$ cat structure-v6.cif   # mmCIF, C-alpha atoms
data_input
#
loop_
_atom_site.group_PDB
_atom_site.id
_atom_site.type_symbol
_atom_site.label_atom_id
_atom_site.label_comp_id
_atom_site.auth_asym_id
_atom_site.auth_seq_id
_atom_site.Cartn_x
_atom_site.Cartn_y
_atom_site.Cartn_z
ATOM 1 C CA MET A 191 6.938 -13.207 26.860
ATOM 2 C CA ILE A 192 6.320 -13.150 23.098
ATOM 3 C CA THR A 193 7.206 -10.080 21.038
ATOM 4 C CA SER A 194 5.435 -9.864 17.689
ATOM 5 C CA PHE A 195 7.344 -7.668 15.245
ATOM 6 C CA GLY A 196 5.047 -7.351 12.267
ATOM 7 C CA SER A 197 2.129 -5.885 10.388
ATOM 8 C CA ILE A 198 -1.040 -4.241 11.672
ATOM 9 C CA ASN A 199 -3.972 -3.910 9.254
ATOM 10 C CA LEU A 200 -7.670 -3.308 9.082
ATOM 11 C CA ASP A 201 -9.445 -6.007 7.045
ATOM 12 C CA PHE A 202 -12.499 -5.473 4.847
ATOM 13 C CA VAL A 203 -14.186 -8.837 4.231
ATOM 14 C CA VAL A 204 -16.791 -9.532 1.529
ATOM 15 C CA ALA A 205 -18.748 -12.811 1.322
ATOM 16 C CA LEU A 206 -18.922 -13.798 -2.339
ATOM 17 C CA PRO A 207 -20.847 -16.507 -4.221
ATOM 18 C CA ARG A 208 -17.488 -17.436 -5.793
ATOM 19 C CA LEU A 209 -14.009 -15.954 -6.035
ATOM 20 C CA PRO A 210 -13.396 -13.779 -9.105
ATOM 21 C CA ARG A 211 -11.231 -14.746 -12.027
ATOM 22 C CA PRO A 212 -8.689 -12.216 -13.406
ATOM 23 C CA GLY A 213 -10.502 -9.190 -14.799
ATOM 24 C CA GLU A 214 -13.864 -10.235 -13.345
ATOM 25 C CA THR A 215 -16.098 -8.475 -10.833
ATOM 26 C CA VAL A 216 -18.124 -10.599 -8.403
ATOM 27 C CA SER A 217 -20.580 -8.859 -6.059
ATOM 28 C CA GLY A 218 -21.398 -9.724 -2.454
ATOM 29 C CA PRO A 219 -24.319 -8.477 -0.366
ATOM 30 C CA ASP A 220 -22.323 -6.544 2.257
ATOM 31 C CA HIS A 221 -18.936 -6.242 3.940
ATOM 32 C CA GLN A 222 -17.570 -6.639 7.464
ATOM 33 C CA THR A 223 -14.599 -4.860 9.024
ATOM 34 C CA PHE A 224 -12.083 -6.648 11.245
ATOM 35 C CA PRO A 225 -8.689 -5.755 12.745
ATOM 36 C CA GLY A 226 -5.971 -7.760 10.982
ATOM 37 C CA GLY A 227 -2.393 -7.914 9.729
ATOM 38 C CA LYS A 228 -0.345 -11.056 10.248
ATOM 39 C CA GLY A 229 1.753 -9.541 13.030
ATOM 40 C CA ALA A 230 -1.297 -8.370 14.947
ATOM 41 C CA ASN A 231 -3.232 -11.567 14.195
ATOM 42 C CA GLN A 232 -0.487 -13.769 15.606
ATOM 43 C CA ALA A 233 0.003 -11.483 18.597
ATOM 44 C CA LEU A 234 -3.689 -11.736 19.454
ATOM 45 C CA ALA A 235 -3.756 -15.500 18.832
ATOM 46 C CA ALA A 236 -0.803 -16.008 21.176
ATOM 47 C CA ARG A 237 -2.406 -13.793 23.808
ATOM 48 C CA ARG A 238 -5.718 -15.651 23.642
ATOM 49 C CA ALA A 239 -3.761 -18.915 23.877
ATOM 50 C CA GLY A 240 -2.441 -17.732 27.234
ATOM 51 C CA ALA A 241 0.887 -15.980 26.574
ATOM 52 C CA ASP A 242 2.055 -12.537 27.623
ATOM 53 C CA VAL A 243 2.514 -10.609 24.382
ATOM 54 C CA ARG A 244 3.863 -7.264 23.243
ATOM 55 C CA MET A 245 3.332 -5.817 19.762
ATOM 56 C CA ILE A 246 5.982 -3.854 17.856
ATOM 57 C CA GLY A 247 4.707 -2.221 14.677
ATOM 58 C CA ALA A 248 3.159 0.856 13.106
ATOM 59 C CA VAL A 249 -0.197 2.368 12.233
ATOM 60 C CA GLY A 250 -1.023 5.564 10.388
ATOM 61 C CA ARG A 251 -2.436 8.781 11.722
ATOM 62 C CA ASP A 252 -5.844 8.096 10.228
ATOM 63 C CA PRO A 253 -9.334 6.911 11.288
ATOM 64 C CA PHE A 254 -8.375 3.256 10.741
ATOM 65 C CA ALA A 255 -5.627 3.111 13.400
ATOM 66 C CA ASP A 256 -7.802 2.742 16.509
ATOM 67 C CA LEU A 257 -9.995 0.164 14.773
ATOM 68 C CA ALA A 258 -6.926 -1.857 13.763
ATOM 69 C CA LEU A 259 -5.666 -1.930 17.375
ATOM 70 C CA ALA A 260 -8.989 -2.484 19.141
ATOM 71 C CA ASN A 261 -8.769 -6.261 19.639
ATOM 72 C CA LEU A 262 -5.150 -6.158 20.778
ATOM 73 C CA SER A 263 -5.972 -3.491 23.332
ATOM 74 C CA ALA A 264 -9.024 -5.362 24.610
ATOM 75 C CA ALA A 265 -7.027 -8.590 24.994
ATOM 76 C CA GLY A 266 -4.283 -6.942 27.043
ATOM 77 C CA VAL A 267 -1.484 -7.038 24.469
ATOM 78 C CA ASP A 268 1.252 -4.527 25.348
ATOM 79 C CA LEU A 269 0.981 -1.791 22.695
ATOM 80 C CA THR A 270 3.638 0.593 23.986
ATOM 81 C CA GLY A 271 5.875 -0.450 21.071
ATOM 82 C CA VAL A 272 3.305 0.473 18.388
ATOM 83 C CA ARG A 273 4.121 3.773 16.701
ATOM 84 C CA ALA A 274 1.780 6.160 14.878
ATOM 85 C CA LEU A 275 3.447 7.426 11.700
ATOM 86 C CA ASP A 276 2.426 9.914 9.049
ATOM 87 C CA GLY A 277 0.640 7.967 6.342
ATOM 88 C CA THR A 278 -2.048 5.305 6.186
ATOM 89 C CA THR A 279 -2.731 2.268 8.337
ATOM 90 C CA GLY A 280 -2.349 -0.992 6.421
ATOM 91 C CA LEU A 281 -5.535 -2.289 4.795
ATOM 92 C CA ALA A 282 -6.514 -5.723 3.487
ATOM 93 C CA PHE A 283 -9.388 -6.509 1.142
ATOM 94 C CA ILE A 284 -10.605 -10.101 1.436
ATOM 95 C CA GLY A 285 -13.140 -12.041 -0.627
ATOM 96 C CA VAL A 286 -14.478 -15.286 0.883
ATOM 97 C CA ASP A 287 -16.471 -17.944 -1.029
ATOM 98 C CA PRO A 288 -19.090 -20.328 0.446
ATOM 99 C CA THR A 289 -16.440 -23.035 1.074
ATOM 100 C CA GLY A 290 -14.330 -20.648 3.170
ATOM 101 C CA GLN A 291 -11.578 -20.158 0.575
ATOM 102 C CA ASN A 292 -10.349 -16.606 0.116
ATOM 103 C CA GLN A 293 -8.476 -14.107 -2.019
ATOM 104 C CA ILE A 294 -6.613 -11.267 -0.316
ATOM 105 C CA MET A 295 -5.211 -7.949 -1.527
ATOM 106 C CA VAL A 296 -3.122 -5.837 0.869
ATOM 107 C CA ALA A 297 -2.214 -2.144 0.898
ATOM 108 C CA SER A 298 0.785 -2.177 3.248
ATOM 109 C CA GLY A 299 0.759 1.475 4.335
ATOM 110 C CA THR A 300 2.946 2.170 7.369
ATOM 111 C CA ASN A 301 3.832 -1.534 7.710
ATOM 112 C CA LYS A 302 6.520 -0.938 5.087
ATOM 113 C CA ARG A 303 8.189 1.602 7.380
ATOM 114 C CA VAL A 304 8.657 -0.398 10.578
ATOM 115 C CA SER A 305 12.184 -0.512 11.932
ATOM 116 C CA ALA A 306 14.046 -3.226 13.789
ATOM 117 C CA THR A 307 15.612 -0.474 15.906
ATOM 118 C CA TRP A 308 12.256 -0.338 17.711
ATOM 119 C CA LEU A 309 13.169 -3.688 19.246
ATOM 120 C CA MET A 310 15.981 -2.164 21.287
ATOM 121 C CA ASP A 311 15.606 -3.261 24.926
ATOM 122 C CA ALA A 312 12.503 -5.323 24.013
ATOM 123 C CA LEU A 313 14.215 -8.733 23.720
ATOM 124 C CA HIS A 314 15.518 -10.841 26.600
ATOM 125 C CA PRO A 315 16.973 -14.336 27.062
ATOM 126 C CA GLY A 316 14.378 -17.091 26.854
ATOM 127 C CA GLU A 317 11.699 -14.876 25.308
ATOM 128 C CA THR A 318 10.285 -15.321 21.799
ATOM 129 C CA LEU A 319 10.506 -12.958 18.837
ATOM 130 C CA MET A 320 7.706 -13.783 16.372
ATOM 131 C CA MET A 321 7.847 -12.431 12.813
ATOM 132 C CA GLN A 322 6.077 -12.765 9.481
ATOM 133 C CA GLY A 323 6.523 -11.683 5.868
ATOM 134 C CA GLU A 324 4.462 -8.481 5.761
ATOM 135 C CA VAL A 325 7.242 -6.150 6.910
ATOM 136 C CA PRO A 326 10.453 -5.373 4.978
ATOM 137 C CA GLY A 327 12.887 -8.276 4.739
ATOM 138 C CA PRO A 328 15.960 -6.194 5.656
ATOM 139 C CA GLU A 329 14.306 -5.205 8.949
ATOM 140 C CA VAL A 330 13.523 -8.843 9.704
ATOM 141 C CA THR A 331 17.169 -9.706 9.067
ATOM 142 C CA ILE A 332 18.296 -7.046 11.548
ATOM 143 C CA ALA A 333 15.683 -8.228 14.046
ATOM 144 C CA ILE A 334 16.984 -11.798 13.777
ATOM 145 C CA GLU A 335 20.512 -10.577 14.530
ATOM 146 C CA ALA A 336 19.201 -8.664 17.550
ATOM 147 C CA ALA A 337 17.335 -11.722 18.818
ATOM 148 C CA HIS A 338 20.425 -13.906 18.462
ATOM 149 C CA ALA A 339 22.422 -11.361 20.459
ATOM 150 C CA ALA A 340 19.733 -11.212 23.158
ATOM 151 C CA GLY A 341 19.373 -14.984 23.454
ATOM 152 C CA ALA A 342 15.712 -14.922 22.379
ATOM 153 C CA ARG A 343 13.928 -17.694 20.468
ATOM 154 C CA ILE A 344 13.270 -16.683 16.841
ATOM 155 C CA PHE A 345 9.911 -17.738 15.374
ATOM 156 C CA LEU A 346 9.444 -16.993 11.651
ATOM 157 C CA ASN A 347 6.354 -17.472 9.508
ATOM 158 C CA PRO A 348 7.515 -15.991 6.175
ATOM 159 C CA ALA A 349 4.038 -15.504 4.743
ATOM 160 C CA PRO A 350 3.009 -14.496 2.194
ATOM 161 C CA ILE A 351 5.407 -16.431 -0.079
ATOM 162 C CA PRO A 352 8.830 -14.821 0.411
ATOM 163 C CA ASP A 353 11.358 -13.603 -2.127
ATOM 164 C CA LYS A 354 14.793 -15.184 -2.459
ATOM 165 C CA ALA A 355 16.465 -12.958 0.155
ATOM 166 C CA TYR A 356 13.713 -13.659 2.668
ATOM 167 C CA ALA A 357 13.882 -17.395 1.948
ATOM 168 C CA GLY A 358 17.479 -17.515 3.124
ATOM 169 C CA LEU A 359 16.344 -16.571 6.629
ATOM 170 C CA ALA A 360 14.897 -20.082 7.019
ATOM 171 C CA ARG A 361 18.304 -21.263 8.219
ATOM 172 C CA GLU A 362 18.674 -18.425 10.751
ATOM 173 C CA VAL A 363 15.685 -19.149 13.000
ATOM 174 C CA ASP A 364 14.675 -21.512 15.793
ATOM 175 C CA VAL A 365 11.096 -22.101 14.640
ATOM 176 C CA LEU A 366 10.021 -22.002 10.989
ATOM 177 C CA VAL A 367 6.357 -22.383 10.021
ATOM 178 C CA VAL A 368 5.321 -22.402 6.358
ATOM 179 C CA ASN A 369 2.457 -23.723 4.267
ATOM 180 C CA GLU A 370 2.926 -26.003 1.270
ATOM 181 C CA GLY A 371 3.276 -23.166 -1.238
ATOM 182 C CA GLU A 372 5.831 -21.364 0.908
ATOM 183 C CA ALA A 373 7.795 -24.581 1.420
ATOM 184 C CA GLU A 374 7.883 -25.143 -2.331
ATOM 185 C CA ALA A 375 9.050 -21.559 -2.978
ATOM 186 C CA ILE A 376 11.743 -21.625 -0.298
ATOM 187 C CA GLY A 377 12.823 -25.075 -1.464
ATOM 188 C CA ALA A 378 13.284 -23.772 -5.013
ATOM 189 C CA TYR A 379 15.320 -20.780 -3.819
ATOM 190 C CA LEU A 380 17.554 -22.860 -1.524
ATOM 191 C CA ASP A 381 17.736 -26.018 -3.684
ATOM 192 C CA LEU A 382 15.843 -28.062 -1.096
ATOM 193 C CA PRO A 383 13.075 -30.633 -1.552
ATOM 194 C CA GLY A 384 9.750 -28.903 -2.126
ATOM 195 C CA ASP A 385 7.595 -31.696 -0.724
ATOM 196 C CA PRO A 386 6.597 -31.140 2.923
ATOM 197 C CA ALA A 387 8.327 -34.167 4.449
ATOM 198 C CA GLY A 388 11.514 -33.637 2.452
ATOM 199 C CA PHE A 389 11.524 -29.928 3.234
ATOM 200 C CA VAL A 390 11.233 -30.585 6.958
ATOM 201 C CA LYS A 391 13.952 -33.232 6.904
ATOM 202 C CA ALA A 392 16.323 -30.925 5.012
ATOM 203 C CA LEU A 393 15.994 -27.987 7.414
ATOM 204 C CA VAL A 394 15.547 -29.447 10.897
ATOM 205 C CA THR A 395 18.422 -29.432 13.342
ATOM 206 C CA ALA A 396 18.720 -30.463 16.960
ATOM 207 C CA ASP A 397 17.453 -27.017 17.935
ATOM 208 C CA ARG A 398 15.354 -25.923 14.927
ATOM 209 C CA LEU A 399 11.670 -26.804 14.658
ATOM 210 C CA VAL A 400 10.296 -26.833 11.111
ATOM 211 C CA ALA A 401 6.564 -27.183 10.475
ATOM 212 C CA VAL A 402 4.708 -27.319 7.151
ATOM 213 C CA THR A 403 0.959 -26.799 7.429
ATOM 214 C CA LEU A 404 -1.094 -28.930 5.039
ATOM 215 C CA GLY A 405 -4.580 -27.441 5.248
ATOM 216 C CA SER A 406 -7.118 -30.220 5.696
ATOM 217 C CA ASP A 407 -4.258 -32.742 6.103
ATOM 218 C CA GLY A 408 -2.909 -31.032 9.222
ATOM 219 C CA VAL A 409 0.815 -30.500 9.729
ATOM 220 C CA VAL A 410 4.102 -32.320 9.252
ATOM 221 C CA ALA A 411 6.810 -31.094 11.608
ATOM 222 C CA GLY A 412 10.158 -32.082 13.038
ATOM 223 C CA ARG A 413 12.944 -31.094 15.395
ATOM 224 C CA GLY A 414 16.093 -33.130 15.901
ATOM 225 C CA THR A 415 15.116 -36.780 15.476
ATOM 226 C CA GLU A 416 11.420 -36.170 16.278
ATOM 227 C CA VAL A 417 8.957 -36.164 13.373
ATOM 228 C CA PHE A 418 5.207 -35.616 13.701
ATOM 229 C CA HIS A 419 2.213 -35.750 11.365
ATOM 230 C CA ILE A 420 -0.882 -34.495 13.127
ATOM 231 C CA ARG A 421 -4.226 -34.514 11.354
ATOM 232 C CA PRO A 422 -6.875 -31.900 12.184
ATOM 233 C CA PRO A 423 -10.274 -32.654 13.671
ATOM 234 C CA LYS A 424 -13.360 -32.401 11.490
ATOM 235 C CA VAL A 425 -14.786 -28.889 11.708
ATOM 236 C CA GLU A 426 -17.335 -26.879 9.785
ATOM 237 C CA VAL A 427 -15.321 -24.462 7.636
ATOM 238 C CA ARG A 428 -16.758 -20.960 7.385
ATOM 239 C CA ASP A 429 -13.637 -18.914 6.620
ATOM 240 C CA THR A 430 -9.996 -20.024 6.423
ATOM 241 C CA THR A 431 -8.747 -16.439 6.857
ATOM 242 C CA GLY A 432 -6.537 -16.330 9.937
ATOM 243 C CA ALA A 433 -6.255 -20.097 10.418
ATOM 244 C CA GLY A 434 -2.512 -20.023 9.794
ATOM 245 C CA ASP A 435 -2.091 -17.094 12.172
ATOM 246 C CA ALA A 436 -4.063 -18.901 14.881
ATOM 247 C CA PHE A 437 -1.798 -21.932 14.359
ATOM 248 C CA CYS A 438 1.338 -19.795 14.731
ATOM 249 C CA GLY A 439 0.101 -17.873 17.747
ATOM 250 C CA ALA A 440 -0.947 -21.012 19.619
ATOM 251 C CA LEU A 441 2.311 -22.786 18.739
ATOM 252 C CA ALA A 442 4.378 -19.824 19.940
ATOM 253 C CA ALA A 443 2.374 -19.667 23.179
ATOM 254 C CA ALA A 444 2.825 -23.399 23.841
ATOM 255 C CA LEU A 445 6.561 -23.268 23.144
ATOM 256 C CA ASP A 446 6.860 -20.147 25.314
ATOM 257 C CA ARG A 447 5.525 -22.075 28.298
ATOM 258 C CA GLU A 448 7.801 -25.030 27.386
ATOM 259 C CA ALA A 449 5.049 -27.511 26.492
ATOM 260 C CA PRO A 450 6.244 -30.831 25.007
ATOM 261 C CA LEU A 451 6.622 -30.528 21.240
ATOM 262 C CA GLU A 452 3.821 -32.929 20.274
ATOM 263 C CA ARG A 453 1.435 -31.160 22.659
ATOM 264 C CA ALA A 454 2.465 -27.765 21.265
ATOM 265 C CA LEU A 455 1.722 -28.941 17.726
ATOM 266 C CA CYS A 456 -1.629 -30.408 18.783
ATOM 267 C CA GLU A 457 -2.600 -27.081 20.327
ATOM 268 C CA ALA A 458 -1.531 -25.273 17.155
ATOM 269 C CA ILE A 459 -3.642 -27.589 14.977
ATOM 270 C CA ALA A 460 -6.572 -27.201 17.367
ATOM 271 C CA ALA A 461 -6.329 -23.400 17.213
ATOM 272 C CA GLY A 462 -6.090 -23.347 13.427
ATOM 273 C CA SER A 463 -9.057 -25.688 13.105
ATOM 274 C CA LEU A 464 -11.201 -23.663 15.501
ATOM 275 C CA ALA A 465 -10.351 -20.485 13.590
ATOM 276 C CA CYS A 466 -11.870 -21.962 10.421
ATOM 277 C CA GLY A 467 -15.266 -22.011 12.123
ATOM 278 C CA ALA A 468 -15.615 -18.228 12.407
ATOM 279 C CA THR A 469 -15.334 -15.242 10.059
ATOM 280 C CA GLY A 470 -12.377 -12.872 10.155
ATOM 281 C CA ALA A 471 -8.736 -13.269 11.091
ATOM 282 C CA GLN A 472 -8.739 -11.950 14.671
ATOM 283 C CA SER A 473 -12.359 -12.569 15.578
ATOM 284 C CA SER A 474 -11.795 -16.274 14.870
ATOM 285 C CA ALA A 475 -8.748 -16.701 17.160
ATOM 286 C CA PRO A 476 -9.823 -19.143 19.917
ATOM 287 C CA GLU A 477 -9.312 -18.930 23.670
ATOM 288 C CA ALA A 478 -6.910 -21.166 25.615
ATOM 289 C CA ARG A 479 -9.638 -23.354 27.133
ATOM 290 C CA GLU A 480 -11.108 -24.145 23.697
ATOM 291 C CA ILE A 481 -7.672 -24.936 22.319
ATOM 292 C CA ALA A 482 -6.794 -27.232 25.219
ATOM 293 C CA ALA A 483 -10.064 -29.169 25.016
ATOM 294 C CA LEU A 484 -9.714 -29.868 21.299
ATOM 295 C CA ALA A 485 -5.975 -30.595 21.550
ATOM 296 C CA ASP A 486 -6.767 -33.316 24.068
ATOM 297 C CA THR A 487 -8.418 -35.270 21.218
ATOM 298 C CA LEU A 488 -5.415 -35.097 18.867
ATOM 299 C CA LYS A 489 -2.160 -37.019 18.527
ATOM 300 C CA SER A 490 0.547 -37.664 15.965
ATOM 301 C CA ASP A 491 0.183 -40.540 13.478
#

$ encode --input "structure-v6.cif" --output "structure tokens"
Amino acid sequence: MITSFGSINLDFVVALPRLPRPGETVSGPDHQTFPGGKGANQALAARRAGADVRMIGAVGRDPFADLALANLSAAGVDLTGVRALDGTTGLAFIGVDPTGQNQIMVASGTNKRVSATWLMDALHPGETLMMQGEVPGPEVTIAIEAAHAAGARIFLNPAPIPDKAYAGLAREVDVLVVNEGEAEAIGAYLDLPGDPAGFVKALVTADRLVAVTLGSDGVVAGRGTEVFHIRPPKVEVRDTTGAGDAFCGALAAALDREAPLERALCEAIAAGSLACGATGAQSSAPEAREIAALADTLKSD
């Protein structure tokens, strides 16, 4: 079982001829609406990758709440831990250029009011607690303590780029997944190498998996004495939104079923690559059979 403790949003996506510069307005022809939020995205990605998943988070009492939860409900994610609070559901506003690159603005709404106390009785030995950086850092700290006490695996993707207090949590988890910018920021806060390989080497332990995603260069990752560099397959990129969440969800699902580490990383890369071929964060999350077929073609350098 994977428990995702994190954000739930509704995403408004606009296709743009190019991304705007500061102070500039760039118009697109239309917009699309997708359920999102990194917590919900990773929960759905893990579920589609084959894991049993529960979601712990919050939505507002507004017209956006049901839309934000629609994909999770349809996929069979356990939503009994999602609370409706006074206030607004989180919203994200995303511009995407023709190459698939994006700019994202987020209105956090009720995501800033989630509480780690909601995890009481939700964590058990051998299960996985998956968290991100879109809920308050103090609540993540409490959740990590609760997971340690319960004997659960702690999976942290501190995105977007964390502050100094959040960065310190990198040493408190079992699985850490960051991109290059997040590795550089955490490295600066903790006086660690900012380059991906050096960052991984500095933080891995016999029990801690550290992975730095490299975009079109794949991932560098390590645990104990094992080090992997896995390059992604060639795919047509339509929208990179949600690729990192698909990577995390598939990795968590593979680790949850105790797949060998290299295989788990291959499945994560496959999921992230497949997600780049579709628009939207949740709508692009691939199914287990697609992930497995593409992962079969990948291996570490």

$ closest_atom_pairs --input "structure-v6.cif" --of "segment 238-348 of chain A" --to "segment 412-428 of chain A" --cutoff "10 Å" --atoms "all atoms listed in the file" --output "tab-separated table"
residue	atom	partner	partner_atom	distance
A:Val286	CA	A:Arg428	CA	8.9
A:Asp287	CA	A:Arg428	CA	8.9
A:Pro288	CA	A:Arg428	CA	7.3
A:Thr289	CA	A:Arg428	CA	6.7
A:Gly290	CA	A:Arg428	CA	4.9
A:Gln291	CA	A:Arg428	CA	8.6

$ atom_distance --input "structure-v6.cif" --atom1 "atom CA of Gly432 of chain A" --atom2 "atom CA of Gly470 of chain A"
6.8 Å

$ closest_residue --input "structure-v6.cif" --among "A:Ile332, A:Leu488, A:Asn301, A:Arg479" --to "Tyr356 of chain A" --atoms "only C-alpha atoms"
A:Ile332

$ closest_residue --input "structure-v6.cif" --among "A:Ala340, A:Leu399, A:Leu200, A:Leu404" --to "Met295 of chain A" --atoms "all atoms listed in the file"
A:Leu200

$ resolve_selection --input "structure-v6.cif" --expression "the PyMOL selection byres ((chain A and resi 405) around 10)" --output "list in words"
Asn369, Glu370, Val402, Thr403, Leu404, Ser406, Asp407, Gly408, Val409, Arg421, Pro422, Thr430, Ala433, Gly434, Ile459, Gly462 and Ser463 of chain A

$ closest_residue --input "structure-v6.cif" --among "A:Ala265, A:Ala471, A:Ala411, A:Ala401" --to "Ile198 of chain A" --atoms "only C-alpha atoms"
A:Ala471

$ atom_distance --input "structure-v6.cif" --atom1 "atom CA of Ala475 of chain A" --atom2 "atom CA of Asp220 of chain A"
22.6 Å

$ closest_atom_pairs --input "structure-v6.cif" --of "segment 282-368 of chain A" --to "segment 245-249 of chain A" --cutoff "10 Å" --atoms "all atoms listed in the file" --output "JSON lines"
{"residue": "A:Gly299", "atom": "CA", "partner": "A:Val249", "partner_atom": "CA", "distance": 8.0}
{"residue": "A:Thr300", "atom": "CA", "partner": "A:Val249", "partner_atom": "CA", "distance": 5.8}
{"residue": "A:Asn301", "atom": "CA", "partner": "A:Ala248", "partner_atom": "CA", "distance": 5.9}
{"residue": "A:Lys302", "atom": "CA", "partner": "A:Ala248", "partner_atom": "CA", "distance": 8.9}
{"residue": "A:Arg303", "atom": "CA", "partner": "A:Ala248", "partner_atom": "CA", "distance": 7.7}
{"residue": "A:Val304", "atom": "CA", "partner": "A:Gly247", "partner_atom": "CA", "distance": 6.0}
{"residue": "A:Ser305", "atom": "CA", "partner": "A:Gly247", "partner_atom": "CA", "distance": 8.1}
{"residue": "A:Ala306", "atom": "CA", "partner": "A:Ile246", "partner_atom": "CA", "distance": 9.1}
{"residue": "A:Trp308", "atom": "CA", "partner": "A:Ile246", "partner_atom": "CA", "distance": 7.2}
{"residue": "A:Leu309", "atom": "CA", "partner": "A:Ile246", "partner_atom": "CA", "distance": 7.3}
{"residue": "A:Ala312", "atom": "CA", "partner": "A:Ile246", "partner_atom": "CA", "distance": 9.1}
{"residue": "A:Met320", "atom": "CA", "partner": "A:Met245", "partner_atom": "CA", "distance": 9.7}
{"residue": "A:Val325", "atom": "CA", "partner": "A:Gly247", "partner_atom": "CA", "distance": 9.1}

$ closest_residue --input "structure-v6.cif" --among "A:Cys466, A:Ala241, A:Ala478, A:Ile192" --to "Ile344 of chain A" --atoms "all atoms listed in the file"
A:Ile192

$ resolve_selection --input "structure-v6.cif" --expression "the PyMOL selection byres ((chain A and resi 219) around 8)" --output "PDB file with C-alpha atoms, in the coordinates of the input"
ATOM      1  CA  VAL A 204     -16.791  -9.532   1.529  1.00  0.00           C
ATOM      2  CA  ALA A 205     -18.748 -12.811   1.322  1.00  0.00           C
ATOM      3  CA  LEU A 206     -18.922 -13.798  -2.339  1.00  0.00           C
ATOM      4  CA  SER A 217     -20.580  -8.859  -6.059  1.00  0.00           C
ATOM      5  CA  GLY A 218     -21.398  -9.724  -2.454  1.00  0.00           C
ATOM      6  CA  ASP A 220     -22.323  -6.544   2.257  1.00  0.00           C
ATOM      7  CA  HIS A 221     -18.936  -6.242   3.940  1.00  0.00           C
TER       8      HIS A 221
END

$ atom_distance --input "structure-v6.cif" --atom1 "atom CA of Ala337 of chain A" --atom2 "atom CA of Gly229 of chain A"
16.8 Å

$ residues_around --input "structure-v6.cif" --residues "Gly327 of chain A" --least-positions-apart "4" --cutoff "12 Å" --atoms "all atoms listed in the file" --output "PDB file with C-alpha atoms, in the frame of the given file"
ATOM      1  CA  PHE A 195       7.344  -7.668  15.245  1.00  0.00           C
ATOM      2  CA  GLY A 196       5.047  -7.351  12.267  1.00  0.00           C
ATOM      3  CA  ASN A 301       3.832  -1.534   7.710  1.00  0.00           C
ATOM      4  CA  LYS A 302       6.520  -0.938   5.087  1.00  0.00           C
ATOM      5  CA  ARG A 303       8.189   1.602   7.380  1.00  0.00           C
ATOM      6  CA  VAL A 304       8.657  -0.398  10.578  1.00  0.00           C
ATOM      7  CA  SER A 305      12.184  -0.512  11.932  1.00  0.00           C
ATOM      8  CA  ALA A 306      14.046  -3.226  13.789  1.00  0.00           C
ATOM      9  CA  MET A 321       7.847 -12.431  12.813  1.00  0.00           C
ATOM     10  CA  GLN A 322       6.077 -12.765   9.481  1.00  0.00           C
ATOM     11  CA  GLY A 323       6.523 -11.683   5.868  1.00  0.00           C
ATOM     12  CA  THR A 331      17.169  -9.706   9.067  1.00  0.00           C
ATOM     13  CA  ILE A 332      18.296  -7.046  11.548  1.00  0.00           C
ATOM     14  CA  ALA A 333      15.683  -8.228  14.046  1.00  0.00           C
ATOM     15  CA  ILE A 334      16.984 -11.798  13.777  1.00  0.00           C
ATOM     16  CA  LEU A 346       9.444 -16.993  11.651  1.00  0.00           C
ATOM     17  CA  PRO A 348       7.515 -15.991   6.175  1.00  0.00           C
ATOM     18  CA  ALA A 349       4.038 -15.504   4.743  1.00  0.00           C
ATOM     19  CA  PRO A 350       3.009 -14.496   2.194  1.00  0.00           C
ATOM     20  CA  PRO A 352       8.830 -14.821   0.411  1.00  0.00           C
ATOM     21  CA  ASP A 353      11.358 -13.603  -2.127  1.00  0.00           C
ATOM     22  CA  LYS A 354      14.793 -15.184  -2.459  1.00  0.00           C
ATOM     23  CA  ALA A 355      16.465 -12.958   0.155  1.00  0.00           C
ATOM     24  CA  TYR A 356      13.713 -13.659   2.668  1.00  0.00           C
ATOM     25  CA  ALA A 357      13.882 -17.395   1.948  1.00  0.00           C
ATOM     26  CA  GLY A 358      17.479 -17.515   3.124  1.00  0.00           C
ATOM     27  CA  LEU A 359      16.344 -16.571   6.629  1.00  0.00           C
TER      28      LEU A 359
END

$ resolve_selection --input "structure-v6.cif" --expression "the PyMOL selection byres ((chain A and resi 267) around 12)" --output "ChimeraX atom specification"
/A:191-194,230-238,240-246,259-266,268-272

$ residues_near_point --input "structure-v6.cif" --point "(-1.1, 9.6, 9.1)" --cutoff "12 Å" --atoms "only C-alpha atoms" --output "ChimeraX atom specification"
/A:248-255,273-280,299-300

$ write_last_selection --input "structure-v6.cif" --atoms "C-alpha atoms" --output "mmCIF file, keeping the file's coordinate frame"
data_model
loop_
_atom_site.group_PDB
_atom_site.id
_atom_site.type_symbol
_atom_site.label_atom_id
_atom_site.label_comp_id
_atom_site.auth_asym_id
_atom_site.auth_seq_id
_atom_site.Cartn_x
_atom_site.Cartn_y
_atom_site.Cartn_z
ATOM 1 C CA ALA A 248 3.159 0.856 13.106
ATOM 2 C CA VAL A 249 -0.197 2.368 12.233
ATOM 3 C CA GLY A 250 -1.023 5.564 10.388
ATOM 4 C CA ARG A 251 -2.436 8.781 11.722
ATOM 5 C CA ASP A 252 -5.844 8.096 10.228
ATOM 6 C CA PRO A 253 -9.334 6.911 11.288
ATOM 7 C CA PHE A 254 -8.375 3.256 10.741
ATOM 8 C CA ALA A 255 -5.627 3.111 13.400
ATOM 9 C CA ARG A 273 4.121 3.773 16.701
ATOM 10 C CA ALA A 274 1.780 6.160 14.878
ATOM 11 C CA LEU A 275 3.447 7.426 11.700
ATOM 12 C CA ASP A 276 2.426 9.914 9.049
ATOM 13 C CA GLY A 277 0.640 7.967 6.342
ATOM 14 C CA THR A 278 -2.048 5.305 6.186
ATOM 15 C CA THR A 279 -2.731 2.268 8.337
ATOM 16 C CA GLY A 280 -2.349 -0.992 6.421
ATOM 17 C CA GLY A 299 0.759 1.475 4.335
ATOM 18 C CA THR A 300 2.946 2.170 7.369
#
